[in-house]
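Printed here is coords.csv (CSV, C-alpha atoms):
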```csv
chain,number,residue,atom,x,y,z
A,251,GLY,CA,0.0,0.0,0.0
A,252,ILE,CA,2.6,2.6,1.0
A,253,LEU,CA,4.9,1.9,-1.9
A,254,ASN,CA,2.0,1.7,-4.3
A,255,PHE,CA,0.7,5.1,-3.2
A,256,ALA,CA,4.2,6.5,-3.7
A,257,LEU,CA,4.0,5.4,-7.3
A,258,PHE,CA,0.5,6.9,-7.6
A,259,GLY,CA,2.0,10.3,-6.7
A,260,ILE,CA,0.9,10.4,-3.0
A,261,PRO,CA,4.2,10.4,-1.1
A,262,LEU,CA,2.9,11.4,2.4
A,263,VAL,CA,1.4,8.0,3.4
A,264,GLY,CA,1.7,5.5,6.2
A,265,ALA,CA,-0.2,2.6,7.7
A,266,ASP,CA,-1.6,2.7,11.2
A,267,ILE,CA,1.4,1.6,13.3
A,268,CYS,CA,0.6,-1.5,15.3
A,269,GLY,CA,-2.7,-2.0,13.5
A,270,PHE,CA,-6.1,-0.5,13.8
A,271,PHE,CA,-8.8,-3.1,14.4
A,272,VAL,CA,-7.2,-6.1,16.2
A,273,ASN,CA,-5.2,-6.3,19.4
A,274,THR,CA,-1.4,-6.3,18.9
A,275,THR,CA,1.3,-7.9,21.0
A,276,GLU,CA,4.1,-6.1,22.6
A,277,GLN,CA,6.8,-7.7,20.5
A,278,LEU,CA,5.0,-7.2,17.2
A,279,CYS,CA,4.1,-3.6,18.1
A,280,THR,CA,7.7,-2.9,19.0
A,281,ARG,CA,8.8,-4.2,15.6
A,282,TRP,CA,6.1,-2.2,13.9
A,283,GLN,CA,7.2,0.9,15.7
A,284,GLN,CA,10.7,0.4,14.3
A,285,LEU,CA,9.3,0.0,10.8
A,286,GLY,CA,6.8,2.8,11.2
A,287,ALA,CA,9.5,5.2,12.2
A,288,PHE,CA,10.5,5.1,8.5
A,289,TYR,CA,7.0,5.5,7.0
A,290,PRO,CA,6.8,8.9,5.3
A,291,PHE,CA,3.7,9.5,7.5
A,292,SER,CA,4.4,7.9,10.9
A,293,ARG,CA,1.5,7.5,13.3
A,294,ASN,CA,0.5,4.9,15.9
A,295,HIS,CA,-3.3,4.7,15.7
A,296,ASN,CA,-6.1,2.2,16.6
A,297,THR,CA,-9.8,2.0,17.2
A,298,TYR,CA,-11.8,1.8,20.5
A,299,ASN,CA,-12.3,-1.5,22.3
A,300,THR,CA,-8.7,-2.5,21.6
A,301,ILE,CA,-5.8,-2.5,24.0
A,302,ALA,CA,-3.6,0.6,24.3
A,303,GLN,CA,-0.7,0.3,22.0
A,304,ASP,CA,1.3,3.6,22.3
A,305,PRO,CA,4.9,2.9,23.4
A,306,THR,CA,4.2,3.7,27.1
A,307,ALA,CA,1.6,0.9,27.2
A,308,PHE,CA,4.4,-1.6,27.1
A,309,SER,CA,7.7,-2.4,29.0
A,310,ASN,CA,10.7,-0.1,29.3
A,311,TYR,CA,12.5,-2.3,26.8
A,312,SER,CA,9.8,-1.6,24.2
A,313,ILE,CA,9.8,2.1,25.1
A,314,SER,CA,13.5,2.3,24.7
A,315,SER,CA,13.5,0.5,21.3
A,316,THR,CA,10.7,2.8,20.0
A,317,ARG,CA,12.5,5.9,21.3
A,318,ASP,CA,15.7,4.8,19.5
A,319,ALA,CA,13.9,4.3,16.2
A,320,LEU,CA,12.1,7.6,16.4
A,321,LEU,CA,15.2,9.5,17.3
A,322,THR,CA,16.9,8.0,14.2
A,323,ARG,CA,14.0,9.3,12.2
A,324,TYR,CA,14.4,12.7,13.7
A,325,LYS,CA,18.1,12.7,13.0
A,326,LEU,CA,17.3,12.0,9.4
A,327,LEU,CA,14.5,14.6,9.1
A,328,PRO,CA,16.7,16.9,6.9
A,329,PHE,CA,17.1,14.1,4.5
A,330,LEU,CA,13.5,13.1,4.6
A,331,TYR,CA,12.3,16.7,4.2
A,332,THR,CA,14.7,17.0,1.2
A,333,LEU,CA,13.1,14.0,-0.4
A,334,PHE,CA,9.7,15.6,0.0
A,335,TYR,CA,11.0,18.7,-1.7
A,336,TYR,CA,11.9,16.7,-4.8
A,337,ALA,CA,8.6,14.9,-4.6
A,338,HIS,CA,6.9,18.3,-4.8
A,339,VAL,CA,9.0,19.8,-7.6
A,340,ASN,CA,9.5,16.8,-9.9
A,341,GLY,CA,7.1,14.0,-8.7
A,342,SER,CA,9.8,11.7,-7.4
A,343,THR,CA,9.0,9.2,-4.6
A,344,VAL,CA,10.0,9.3,-1.0
A,345,ALA,CA,9.6,5.7,0.2
A,346,ARG,CA,10.7,3.5,-2.8
A,347,PRO,CA,10.5,-0.1,-3.6
A,348,LEU,CA,13.9,-1.6,-4.5
A,349,LEU,CA,12.7,-2.1,-8.1
A,350,SER,CA,12.4,1.6,-8.5
A,351,VAL,CA,16.1,2.1,-7.7
A,352,PHE,CA,17.4,-1.0,-9.3
A,353,PRO,CA,14.9,-1.7,-12.2
A,354,LYS,CA,17.3,-4.1,-14.1
A,355,ASP,CA,17.8,-6.3,-11.0
A,356,THR,CA,15.1,-9.0,-11.3
A,357,GLU,CA,15.7,-10.0,-7.7
A,358,THR,CA,14.1,-6.6,-6.7
A,359,TRP,CA,10.9,-7.1,-8.7
A,360,TRP,CA,9.3,-9.3,-6.0
A,361,ASN,CA,10.8,-7.8,-2.9
A,362,GLY,CA,8.1,-6.3,-0.9
A,363,HIS,CA,9.6,-6.5,2.6
A,364,GLN,CA,12.4,-4.0,2.2
A,365,PHE,CA,12.2,-0.5,0.9
A,366,MET,CA,14.3,2.6,0.6
A,367,TRP,CA,14.3,6.3,1.4
A,368,GLY,CA,15.2,7.9,-1.9
A,369,ASP,CA,18.1,6.2,-3.6
A,370,SER,CA,20.2,6.2,-0.4
A,371,LEU,CA,18.8,4.5,2.7
A,372,LEU,CA,17.8,0.8,2.7
A,373,ILE,CA,15.4,-0.3,5.4
A,374,SER,CA,15.2,-4.1,6.2
A,375,PRO,CA,12.5,-4.5,9.0
A,376,VAL,CA,11.8,-7.7,11.0
A,377,LEU,CA,8.1,-8.6,10.3
A,378,GLU,CA,7.7,-11.8,12.2
A,379,GLU,CA,7.2,-12.4,15.9
A,380,ASN,CA,10.1,-14.0,17.9
A,381,ALA,CA,12.5,-13.4,15.0
A,382,VAL,CA,16.0,-12.0,15.9
A,383,SER,CA,17.3,-12.0,12.4
A,384,VAL,CA,16.1,-11.1,8.9
A,385,VAL,CA,17.2,-12.1,5.4
A,386,ALA,CA,17.9,-8.9,3.4
A,387,TYR,CA,18.8,-8.5,-0.2
A,388,PHE,CA,21.5,-6.1,-1.2
A,389,PRO,CA,21.4,-5.0,-4.9
A,390,LYS,CA,24.6,-4.5,-6.8
A,391,ALA,CA,26.2,-1.4,-5.2
A,392,ARG,CA,28.5,-0.5,-2.3
A,393,TRP,CA,26.6,-0.7,1.1
A,394,TYR,CA,27.4,0.4,4.6
A,395,ASP,CA,25.8,-0.1,8.0
A,396,TYR,CA,24.1,3.2,8.6
A,397,ARG,CA,25.0,3.3,12.3
A,398,ASN,CA,28.7,2.5,12.3
A,399,GLY,CA,29.9,2.6,8.7
A,400,THR,CA,31.0,-1.0,8.4
A,401,GLU,CA,30.9,-2.0,4.8
A,402,VAL,CA,28.6,-4.9,3.9
A,403,PHE,CA,30.2,-7.1,1.3
A,404,ALA,CA,27.0,-8.6,-0.1
A,405,SER,CA,26.5,-6.8,-3.4
A,406,GLY,CA,23.8,-8.7,-5.5
A,407,SER,CA,23.1,-11.3,-2.8
A,408,ASN,CA,20.9,-12.2,0.2
A,409,ILE,CA,22.5,-12.3,3.6
A,410,THR,CA,21.1,-12.9,7.1
A,411,LEU,CA,21.3,-9.9,9.4
A,412,GLU,CA,21.2,-10.0,13.1
A,413,ALA,CA,18.3,-8.0,14.4
A,414,PRO,CA,17.6,-8.2,18.1
A,415,LEU,CA,14.3,-6.9,19.4
A,416,ASN,CA,15.7,-3.3,19.9
A,417,TYR,CA,17.3,-3.1,16.4
A,418,ILE,CA,16.1,-2.5,12.8
A,419,PRO,CA,18.8,-2.9,10.1
A,420,LEU,CA,19.6,0.2,8.1
A,421,HIS,CA,22.1,0.5,5.3
A,422,VAL,CA,23.4,3.4,3.2
A,423,LYS,CA,24.1,3.0,-0.5
A,424,GLY,CA,27.5,4.1,-1.7
A,425,GLY,CA,27.3,7.3,-3.7
A,426,SER,CA,25.0,9.0,-1.2
A,427,ILE,CA,25.4,12.2,0.9
A,428,ILE,CA,22.8,12.4,3.6
A,429,PRO,CA,22.2,15.6,5.6
A,430,GLN,CA,21.5,15.0,9.3
A,431,GLN,CA,20.6,17.0,12.4
A,432,ALA,CA,21.1,16.2,16.1
A,433,PRO,CA,17.6,15.0,17.2
A,434,ASN,CA,15.4,16.2,20.0
A,435,THR,CA,11.9,15.3,21.2
A,436,THR,CA,10.0,17.5,18.8
A,437,THR,CA,10.7,18.9,15.3
A,438,THR,CA,10.6,22.4,16.8
A,439,TYR,CA,13.5,21.7,19.1
A,440,SER,CA,15.4,19.5,16.6
A,441,ARG,CA,15.5,22.4,14.1
A,442,GLN,CA,17.5,24.4,16.6
A,443,ASN,CA,20.3,21.8,16.7
A,444,SER,CA,23.5,21.6,14.6
A,445,TYR,CA,23.8,19.6,11.4
A,446,SER,CA,26.2,16.9,10.0
A,447,LEU,CA,26.8,15.2,6.7
A,448,LEU,CA,27.1,11.5,6.1
A,449,VAL,CA,29.2,10.8,3.0
A,450,ALA,CA,29.1,7.2,1.7
A,451,LEU,CA,31.5,6.7,-1.2
A,452,ASN,CA,30.7,4.4,-4.1
A,453,ASP,CA,33.0,2.1,-6.1
A,454,VAL,CA,34.9,5.1,-7.6
A,455,ASP,CA,34.9,7.1,-4.4
A,456,ASN,CA,32.3,9.6,-5.5
A,457,ALA,CA,29.0,10.7,-3.8
A,458,ASN,CA,26.4,13.4,-4.1
A,459,GLY,CA,23.4,14.7,-2.2
A,460,HIS,CA,21.2,17.6,-1.5
A,461,PHE,CA,19.8,19.6,1.5
A,462,PHE,CA,16.5,21.5,1.4
A,463,ILE,CA,15.2,23.6,4.2
A,464,ASP,CA,12.5,26.2,4.8
A,465,ASP,CA,10.6,27.4,7.8
A,466,GLY,CA,8.5,24.3,7.9
A,467,GLU,CA,5.3,26.3,8.1
A,468,GLU,CA,4.7,28.4,4.9
A,469,ILE,CA,2.7,26.5,2.4
A,470,ASN,CA,4.1,28.2,-0.7
A,471,SER,CA,7.7,28.6,0.4
A,472,ILE,CA,9.0,27.1,-2.8
A,473,GLU,CA,6.8,29.2,-5.1
A,474,ASN,CA,7.8,32.3,-3.1
A,475,GLY,CA,11.5,31.5,-3.0
A,476,ASN,CA,11.6,31.3,0.8
A,477,TYR,CA,13.8,28.2,1.0
A,478,THR,CA,17.5,27.2,0.8
A,479,LEU,CA,18.8,24.4,-1.4
A,480,ILE,CA,22.4,23.2,-1.1
A,481,ASN,CA,24.1,20.6,-3.3
A,482,TYR,CA,27.0,18.4,-2.1
A,483,GLU,CA,29.5,16.5,-4.2
A,484,ALA,CA,32.4,14.2,-3.2
A,485,LYS,CA,34.9,13.5,-5.9
A,486,THR,CA,38.6,12.8,-6.3
A,487,GLY,CA,39.4,13.3,-2.6
A,488,GLN,CA,37.3,16.3,-1.8
A,489,LEU,CA,33.8,17.4,-0.7
A,490,LYS,CA,32.3,20.5,-2.1
A,491,SER,CA,29.1,22.4,-1.2
A,492,LYS,CA,27.2,24.6,-3.6
A,493,VAL,CA,24.4,26.9,-2.5
A,494,VAL,CA,21.8,26.8,-5.2
A,495,THR,CA,19.2,29.0,-3.5
A,496,ASP,CA,19.6,30.9,-0.3
A,497,GLY,CA,16.1,32.3,0.3
A,498,TYR,CA,15.8,31.0,3.9
A,499,ARG,CA,18.2,31.2,6.8
A,500,PRO,CA,17.5,28.3,9.2
A,501,LEU,CA,17.2,28.6,13.0
A,502,SER,CA,20.5,26.7,13.3
A,503,TYR,CA,23.1,27.1,10.6
A,504,LEU,CA,25.9,25.2,12.3
A,505,MET,CA,27.5,22.1,10.9
A,506,ASP,CA,29.6,20.1,13.3
A,507,ASP,CA,30.8,17.0,11.5
A,508,VAL,CA,31.4,15.3,8.2
A,509,ILE,CA,31.4,11.5,8.5
A,510,ILE,CA,32.9,9.7,5.5
A,511,TYR,CA,32.3,6.0,4.9
A,512,GLY,CA,34.3,3.9,2.4
A,513,LEU,CA,37.9,5.3,2.4
A,514,THR,CA,40.4,2.5,1.7
A,515,GLU,CA,43.1,3.9,4.0
A,516,LYS,CA,43.7,6.5,6.6
A,517,PRO,CA,44.3,9.9,5.1
A,518,ASN,CA,47.6,11.7,5.8
A,519,ASN,CA,46.4,15.3,5.4
A,520,LEU,CA,43.1,17.1,5.5
A,521,THR,CA,42.3,20.7,4.7
A,522,LEU,CA,39.1,22.8,5.0
A,523,ASN,CA,39.0,25.7,2.6
A,524,ASN,CA,42.7,25.2,2.1
A,525,ILE,CA,43.5,25.5,5.8
A,526,PRO,CA,45.2,22.4,7.2
A,527,LEU,CA,43.3,20.5,9.9
A,528,SER,CA,45.1,19.3,13.0
A,529,VAL,CA,45.0,15.6,14.1
A,530,GLY,CA,42.7,16.7,16.9
A,531,GLN,CA,40.1,17.9,14.4
A,532,TRP,CA,39.5,14.4,12.9
A,533,THR,CA,39.4,10.8,13.9
A,534,TRP,CA,39.9,7.6,12.0
A,535,ILE,CA,38.4,4.2,12.9
A,536,PRO,CA,40.6,1.5,11.2
A,537,GLN,CA,38.2,-1.4,11.8
A,538,SER,CA,35.3,0.3,9.9
A,539,LYS,CA,37.4,2.7,7.9
A,540,VAL,CA,35.3,5.7,9.0
A,541,LEU,CA,36.6,9.2,8.9
A,542,THR,CA,34.9,11.8,11.1
A,543,VAL,CA,36.0,15.4,10.6
A,544,SER,CA,35.0,18.1,13.0
A,545,VAL,CA,34.5,20.9,10.5
A,546,ASN,CA,32.7,23.2,13.0
A,547,LEU,CA,31.3,25.4,10.2
A,548,SER,CA,29.5,28.4,11.7
A,549,ASP,CA,27.4,28.9,8.6
A,550,LEU,CA,26.4,26.0,6.5
A,551,MET,CA,25.1,28.5,3.8
A,552,LYS,CA,28.7,29.4,3.1
A,553,GLU,CA,30.3,27.2,0.5
A,554,PHE,CA,33.2,25.0,1.6
A,555,ILE,CA,35.7,22.5,0.2
A,556,LEU,CA,37.0,19.7,2.4
A,557,LYS,CA,40.0,17.8,1.0
A,558,TRP,CA,41.7,14.6,2.1
A,559,GLU,CA,44.8,12.8,0.7
```
In C-alpha cells, what does this structure look like?
Amino acid sequence: GILNFALFGIPLVGADICGFFVNTTEQLCTRWQQLGAFYPFSRNHNTYNTIAQDPTAFSNYSISSTRDALLTRYKLLPFLYTLFYYAHVNGSTVARPLLSVFPKDTETWWNGHQFMWGDSLLISPVLEENAVSVVAYFPKARWYDYRNGTEVFASGSNITLEAPLNYIPLHVKGGSIIPQQAPNTTTTYSRQNSYSLLVALNDVDNANGHFFIDDGEEINSIENGNYTLINYEAKTGQLKSKVVTDGYRPLSYLMDDVIIYGLTEKPNNLTLNNIPLSVGQWTWIPQSKVLTVSVNLSDLMKEFILKWE
C-alpha cells in the first residue's frame, strides 16, 4: 500500500502503526514501531475497544526501542524533508520499492519486505514475531551499515542480518550524501540543533546529495522562493558544497561533523577551505574505515571545500 501510493503520486502516506482493528502484541508492536519510524507519514493509531498500543503501554524495553527508532527518524529529518521537496517539484518518490532504484535487477521485482528512502537508505525490517534476524537482499552497489559505517560485502546477494528486538537494520548505498541533524523530542527543538553530513562513497569514491530547508510552516515557500537548497558532491578526494538557492536562513546554521564511509586507507592530510586541519580535528576508525571530521562550520550556507589525501 505505502509503496503503491508513492508510485501513484501520493508520497505522504503510512499505515496505522501496530494495527487499527485487532489487538497487537508487545513484540510485534515494537517491531512495527521500528518499521513505522520510516514511514513517510508515521503515526501509531487504533480504534476503540482494543488495547492501548502507544509505546508507554508496554515495557521499558519496548519504550527504549521505540525511542531509538524515532530519534533516528528525527536525526534523518533533513534528508526526509529534502526527499519531500523533490517529490513536490518533480514528482519523485520518498519511500521507494527496491525495483524503482534497481529496475534491471530482477531480484528486486518481487521484494516487498524491504524499501528505501530515496536512492540512499535501505530499510530491512523484521516482520515476524520471535525473529531475531532477517534475510535482506543487497542489490549491486556498495553498502554500509548506517550506524557504524562498516561495509557490507553482499552486493547482489541475500544475507542474514542480526536483528535483536531493539534493532532495525539500516544501510546506506555508496554514492550518497545524507544531511542529518542532532535529534530532539520535537521537530521544533530539533530544528535548533546543529547539522552533520554523512558521505558514503561508491566504487569510484564519489558521492552526491542535497539539502533543502524552509521554515516548515509556509505552504508556498518554494513558489515564493523562501527556501534554501544546497548541493554536495564528493569526488577525487574532496567534498564541495554549492548553495543553489539561499532564500531562507534556518534557526540553526551550524555544521559540526562530516562523516565519511568507504575510504580505503587513513588519510595523511586534511584541509578545510585550504586550511590544514590538525590531528585533533579528525578521527579515523581503522576497523570500519570511518573518517569523522570536526568541520565546525559556523554557517552551512557558506560554500566550503573539504579535501583529504
What lies within 10 Å of Pro500 of chain A using only C-alpha atoms, ignoring chain neighbours under 5 positions off, as a compact mmCIF listing (two decimals) with C-alpha atoms, in the coordinates of the input?
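To be explicit, this is the file written out as result.txt:
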```txt
# COMPACT_ATOMS: atom_id res chain seq x y z
CA ARG A 441 15.50 22.40 14.10
CA GLN A 442 17.50 24.40 16.60
CA ILE A 463 15.20 23.60 4.20
CA ASP A 464 12.50 26.20 4.80
CA ASP A 465 10.60 27.40 7.80
CA GLY A 466 8.50 24.30 7.90
CA TYR A 477 13.80 28.20 1.00
CA THR A 478 17.50 27.20 0.80
CA ASP A 549 27.40 28.90 8.60
CA LEU A 550 26.40 26.00 6.50
CA MET A 551 25.10 28.50 3.80
```
Worksheet entry | Using only C-alpha atoms: which of A:Asn273, A:Gly264, A:Trp393, A:Tyr482 has the shortest distance to Thr297 of chain A |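 Smallest distance to Thr297 of chain A is found for A:Asn273.
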Discussion item. Just checking: using all atoms listed in the file, which residue out of A:Val402, A:Ala391, A:Asn474, A:Ile373 ends up closest to Tyr498 of chain A?
Written reply: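 The shortest atom-to-atom distance to Tyr498 of chain A comes from A:Asn474.
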Worksheet item: Quick one: residues within 12 Å of Asn361 of chain A, only C-alpha atoms counted, chain neighbours fewer than 2 positions away excluded, as a ChimeraX atom specification?
Response: /A:253,346-350,352-353,355-359,363-366,374,385-389,408
Fill in: Within 10 Å of Arg317 of chain A using only C-alpha atoms, minus same-chain residues under 6 positions, as a ChimeraX atom specification
/A:283-284,287,305,311,323,416,435
Missing atoms in segment 283-308 of chain A need filling: write out N, CA, C and O atoms for it as a tab-separated table (two decimals), in the coordinates of the input.
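Final output, saved to rebuild-v8.tsv:
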```
chain	number	residue	atom	x	y	z
A	283	GLN	N	6.73	-0.41	15.41
A	283	GLN	CA	7.20	0.90	15.70
A	283	GLN	C	8.53	1.21	15.02
A	283	GLN	O	8.77	2.32	14.52
A	284	GLN	N	9.42	0.21	15.00
A	284	GLN	CA	10.70	0.40	14.30
A	284	GLN	C	10.46	0.62	12.82
A	284	GLN	O	11.07	1.52	12.22
A	285	LEU	N	9.61	-0.20	12.22
A	285	LEU	CA	9.30	0.00	10.80
A	285	LEU	C	8.58	1.29	10.56
A	285	LEU	O	8.93	2.04	9.64
A	286	GLY	N	7.58	1.60	11.40
A	286	GLY	CA	6.80	2.80	11.20
A	286	GLY	C	7.56	4.09	11.34
A	286	GLY	O	7.15	5.13	10.82
A	287	ALA	N	8.68	4.03	12.05
A	287	ALA	CA	9.50	5.20	12.20
A	287	ALA	C	10.06	5.65	10.80
A	287	ALA	O	10.49	6.81	10.63
A	288	PHE	N	9.98	4.75	9.81
A	288	PHE	CA	10.50	5.10	8.50
A	288	PHE	C	9.35	5.13	7.44
A	288	PHE	O	9.62	5.16	6.24
A	289	TYR	N	8.11	5.13	7.91
A	289	TYR	CA	7.00	5.50	7.00
A	289	TYR	C	7.13	7.01	6.73
A	289	TYR	O	7.47	7.78	7.64
A	290	PRO	N	6.84	7.44	5.54
A	290	PRO	CA	6.80	8.90	5.30
A	290	PRO	C	5.87	9.61	6.28
A	290	PRO	O	6.21	10.66	6.82
A	291	PHE	N	4.68	9.04	6.49
A	291	PHE	CA	3.70	9.50	7.50
A	291	PHE	C	3.70	8.51	8.62
A	291	PHE	O	3.24	7.38	8.44
A	292	SER	N	4.22	8.88	9.78
A	292	SER	CA	4.40	7.90	10.90
A	292	SER	C	3.46	8.24	12.01
A	292	SER	O	3.55	9.28	12.66
A	293	ARG	N	2.52	7.29	12.26
A	293	ARG	CA	1.50	7.50	13.30
A	293	ARG	C	1.04	6.18	13.88
A	293	ARG	O	0.61	5.28	13.15
A	294	ASN	N	1.10	6.05	15.19
A	294	ASN	CA	0.50	4.90	15.90
A	294	ASN	C	-0.97	5.25	16.14
A	294	ASN	O	-1.29	6.28	16.72
A	295	HIS	N	-1.88	4.34	15.71
A	295	HIS	CA	-3.30	4.70	15.70
A	295	HIS	C	-4.14	3.42	15.73
A	295	HIS	O	-3.88	2.50	14.97
A	296	ASN	N	-5.14	3.36	16.64
A	296	ASN	CA	-6.10	2.20	16.60
A	296	ASN	C	-7.45	2.64	17.06
A	296	ASN	O	-7.67	3.77	17.50
A	297	THR	N	-8.40	1.72	16.95
A	297	THR	CA	-9.80	2.00	17.20
A	297	THR	C	-10.11	1.76	18.70
A	297	THR	O	-9.27	1.28	19.47
A	298	TYR	N	-11.33	2.10	19.09
A	298	TYR	CA	-11.80	1.80	20.50
A	298	TYR	C	-12.01	0.35	20.66
A	298	TYR	O	-12.08	-0.43	19.72
A	299	ASN	N	-12.13	-0.06	21.91
A	299	ASN	CA	-12.30	-1.50	22.30
A	299	ASN	C	-11.15	-2.36	21.92
A	299	ASN	O	-11.30	-3.56	21.76
A	300	THR	N	-9.98	-1.75	21.76
A	300	THR	CA	-8.70	-2.50	21.60
A	300	THR	C	-7.77	-2.05	22.66
A	300	THR	O	-7.95	-0.97	23.27
A	301	ILE	N	-6.73	-2.83	22.91
A	301	ILE	CA	-5.80	-2.50	24.00
A	301	ILE	C	-5.00	-1.23	23.58
A	301	ILE	O	-4.84	-0.91	22.40
A	302	ALA	N	-4.51	-0.54	24.60
A	302	ALA	CA	-3.60	0.60	24.30
A	302	ALA	C	-2.34	0.07	23.68
A	302	ALA	O	-1.81	-0.98	24.04
A	303	GLN	N	-1.83	0.81	22.69
A	303	GLN	CA	-0.70	0.30	22.00
A	303	GLN	C	0.37	1.43	21.73
A	303	GLN	O	1.32	1.25	20.96
A	304	ASP	N	0.19	2.58	22.41
A	304	ASP	CA	1.30	3.60	22.30
A	304	ASP	C	2.46	3.02	23.09
A	304	ASP	O	2.33	2.11	23.92
A	305	PRO	N	3.66	3.52	22.83
A	305	PRO	CA	4.90	2.90	23.40
A	305	PRO	C	4.83	2.79	24.93
A	305	PRO	O	5.32	1.81	25.50
A	306	THR	N	4.22	3.78	25.62
A	306	THR	CA	4.20	3.70	27.10
A	306	THR	C	3.29	2.67	27.64
A	306	THR	O	3.28	2.43	28.85
A	307	ALA	N	2.51	2.02	26.79
A	307	ALA	CA	1.60	0.90	27.20
A	307	ALA	C	2.38	-0.35	27.48
A	307	ALA	O	1.84	-1.30	28.06
A	308	PHE	N	3.65	-0.40	27.05
A	308	PHE	CA	4.40	-1.60	27.10
A	308	PHE	C	5.61	-1.46	28.08
A	308	PHE	O	5.71	-0.47	28.80
```
